[in-house]
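**Student:** Here you go, one structure.
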Amino acid sequence: MRDEDGAAITAVTVACPKGCTAEPDLAEGSEAWHLRDATRMVADGQSVRSVLRTWQAAGVRTPARRKRLPDGTRTEPTPGDWTPTTLLKLLRRPRNAGIMEVDGAEAGRGAWLPVVDEETWRICDAVLKSPARRTTPGPTRKYLGGGLYRCHCGGPVQTTGRGTSRNGSVYTCRTGGHVSRQASAVDEHAERIIIAQIVWETVRDPFWPPAPQAQPSGDLSARHAALTARLRGLAEAFADDDDSDPVEYRSAARRIKEKIAAVEQQMAEAVAASAAAGRGAFEDIDLPELVKRHQADPDEALTWWRGAYSLERRREIVAVLSVVTILPATSGRTAGWAPGSKYFNPESVRIEWTGAA
């Protein structure tokens with residue numbers, strides 16, 4: 001965004017002709033107060049629907065609007081009820097944190113006072129746009145690691161369907177073509193390792209799992225802010241330099257955006273893990289039964305595990321216990337491979353424990 005002389009505009013100040021000031025009313029019960037409280041609730045791991053229930057109980061309504069009637073006339077302004085869609089749009093507005101937005105991209109600090117601090121808003125925004133929070137929209141999730149596992153570049157992976165019975169769906173890097181690995185094989189390997197770790201910890205320590213601890217987010221927020229500032233500075237430098245190479249700019253911007261996506265994924269995972277830990281990550285898991293079945297037959301234990309607990313519940317366990325990273329493929333076949341059998345190299349998946357295990 002630039003003025004008539006071509007200089008970059010970093011803030012817009014609008015002067016009131018009567019000398020008034022526009023400041024958010026954060027008195028308890030005000031609209032700004034409810035917005036700040038809702039942002040904090042989501043950042044702390046609560047759902048949009050729980051915020052809706054809180055607002056409905058408090059009588060929070062949408063701004064009054066006129067409705068068009070069939071004859072073309074309009075009604076008197078009437079407030080309405082918030083919906084999950086309208087509330088999600090409200091919570092994700094950068095202006096809530098005092099950030100200007102131009103054509104869908106952040107464009108510097110605004111001249112107005114923020115309703116919520118930037119760190120809390122960014123955590124809330126990362127949670128709301130995380131693929132892991134989607135429930136009813138779109139097709140039912142079939143694989144464990146979409147949006148949860150990581151590519152070796154640091155970015156999240158997504159599930160891509162090839163439409164063939166032999167290869168099935170694969171995990172691919174969301175930010176580039178870095179990896180392509182059969183989803184079902186990676187899921188089976190990861191869950192076998194994680195179940196074995198849970199069993200080992202339960203047998204080793206009767207008091208496991210330990211008391212939950214909140215996940216830190218300050219470092220992630222600071223890194224996200226630094227990367228966003230770098231991206232903004234890169235755009236301004238490109239716009240000011242008539243001799244800049246567009247190809248170089250796009251390449252540099254892409255690398256920064258990949259890092260931002262990776263940090264946002266970590267922020268969302270930290271909030272999800274903290275929320276799961278807050279209610280007790282294993283409070284509904286029958287650990288004695290899992291140990292008994294695993295000691296008798298690990299294959300049968302995996303089948304029981306998948307039947308006893310939903311895919312979303314198992315994703316929570318994975319997020320609390322581990323970080324699963326898909327590594328570059330290696331050349332050659334593993335020992336024991338036979339023609340016609342599916343190929344999977346366990347060494348192409350790295351599982352790191354978070355400290356909860």
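So you can find residues: chains in the structure tokens are A, B, ... in the order shown, residues in each start at 1, and ligands are numbered from 1 in order.
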Give me, as a list in words, all polymer residues having an atom no more than 8 Å from Ala262 of chain A, counting only C-alpha atoms and skipping those fewer than 6 positions away in the same chain.
**Tutor:**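 Skipping anything fewer than 6 positions along the chain leaves Gly154, Gly155 and Pro156 of chain A.
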**Student:** Near segment 26-35 of chain A, within 8 Å and counting only C-alpha atoms, which residues show up once chain neighbours fewer than 3 positions away are dropped, as a CSV table (one decimal) with all heavy atoms, in the first residue's frame?
**Tutor:**
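Just written: result.csv:
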chain,number,residue,atom,x,y,z
A,38,ALA,N,-13.2,-14.1,24.1
A,38,ALA,CA,-13.3,-15.2,23.2
A,38,ALA,C,-12.0,-15.6,22.6
A,38,ALA,O,-11.7,-16.8,22.4
A,38,ALA,CB,-14.3,-14.8,22.1
A,39,THR,N,-11.2,-14.6,22.2
A,39,THR,CA,-9.9,-14.9,21.6
A,39,THR,C,-9.0,-15.7,22.6
A,39,THR,O,-8.3,-16.6,22.2
A,39,THR,CB,-9.2,-13.6,21.2
A,39,THR,OG1,-10.0,-12.8,20.3
A,39,THR,CG2,-7.9,-13.9,20.5
A,55,TRP,N,-21.4,-16.9,24.7
A,55,TRP,CA,-22.0,-15.7,24.2
A,55,TRP,C,-23.5,-15.7,24.2
A,55,TRP,O,-24.1,-14.7,24.6
A,55,TRP,CB,-21.5,-15.4,22.8
A,55,TRP,CG,-20.1,-14.7,22.8
A,55,TRP,CD1,-19.2,-14.8,23.8
A,55,TRP,CD2,-19.5,-14.0,21.7
A,55,TRP,NE1,-18.0,-14.1,23.4
A,55,TRP,CE2,-18.2,-13.6,22.1
A,55,TRP,CE3,-19.9,-13.6,20.4
A,55,TRP,CZ2,-17.4,-12.9,21.3
A,55,TRP,CZ3,-19.1,-12.9,19.6
A,55,TRP,CH2,-17.8,-12.5,20.1
A,60,VAL,N,-24.9,-12.0,24.0
A,60,VAL,CA,-24.1,-11.3,23.0
A,60,VAL,C,-24.7,-11.5,21.6
A,60,VAL,O,-24.9,-12.6,21.2
A,60,VAL,CB,-22.6,-11.7,23.0
A,60,VAL,CG1,-21.8,-10.9,22.0
A,60,VAL,CG2,-22.1,-11.6,24.4
A,91,LEU,N,-13.0,-13.6,14.8
A,91,LEU,CA,-11.9,-13.9,15.6
A,91,LEU,C,-10.6,-13.9,14.8
A,91,LEU,O,-9.5,-13.6,15.4
A,91,LEU,CB,-12.0,-15.3,16.3
A,91,LEU,CG,-13.1,-15.5,17.4
A,91,LEU,CD1,-13.2,-16.9,17.8
A,91,LEU,CD2,-12.8,-14.6,18.6
A,115,VAL,N,-7.6,-4.6,20.4
A,115,VAL,CA,-8.5,-5.1,21.4
A,115,VAL,C,-7.8,-6.3,22.2
A,115,VAL,O,-8.1,-6.5,23.3
A,115,VAL,CB,-9.8,-5.7,20.7
A,115,VAL,CG1,-10.7,-6.4,21.7
A,115,VAL,CG2,-10.5,-4.5,20.0
**Student:** Of the candidates A:Lys292, A:Lys129, A:Lys67, A:His152, which one gets nearest to Lys89 of chain A if we count only C-alpha atoms?
**Tutor:** A:Lys129
**Student:** DSSP on the backbone: what in segment 27-207 of chain A comes out strand (DSSP E or B), as a list of chain:residue names?
**Tutor:**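 After running DSSP on the backbone, segment 27-207 of chain A has strand (DSSP E or B) at A:Arg65, A:Arg68, A:Arg74, A:Thr78, A:Ile99, A:Met100, A:Glu101, A:Val102, A:Ala105, A:Glu106, A:Ala107, A:Gly108, A:Arg109, A:Arg150, A:Cys151, A:Pro156, A:Val157, A:Gln158, A:Thr159, A:Thr160, A:Gly161, A:Ser169, A:Val170, A:Tyr171, A:Thr172, A:Cys173, A:Ser180, A:Arg181, A:Gln182.
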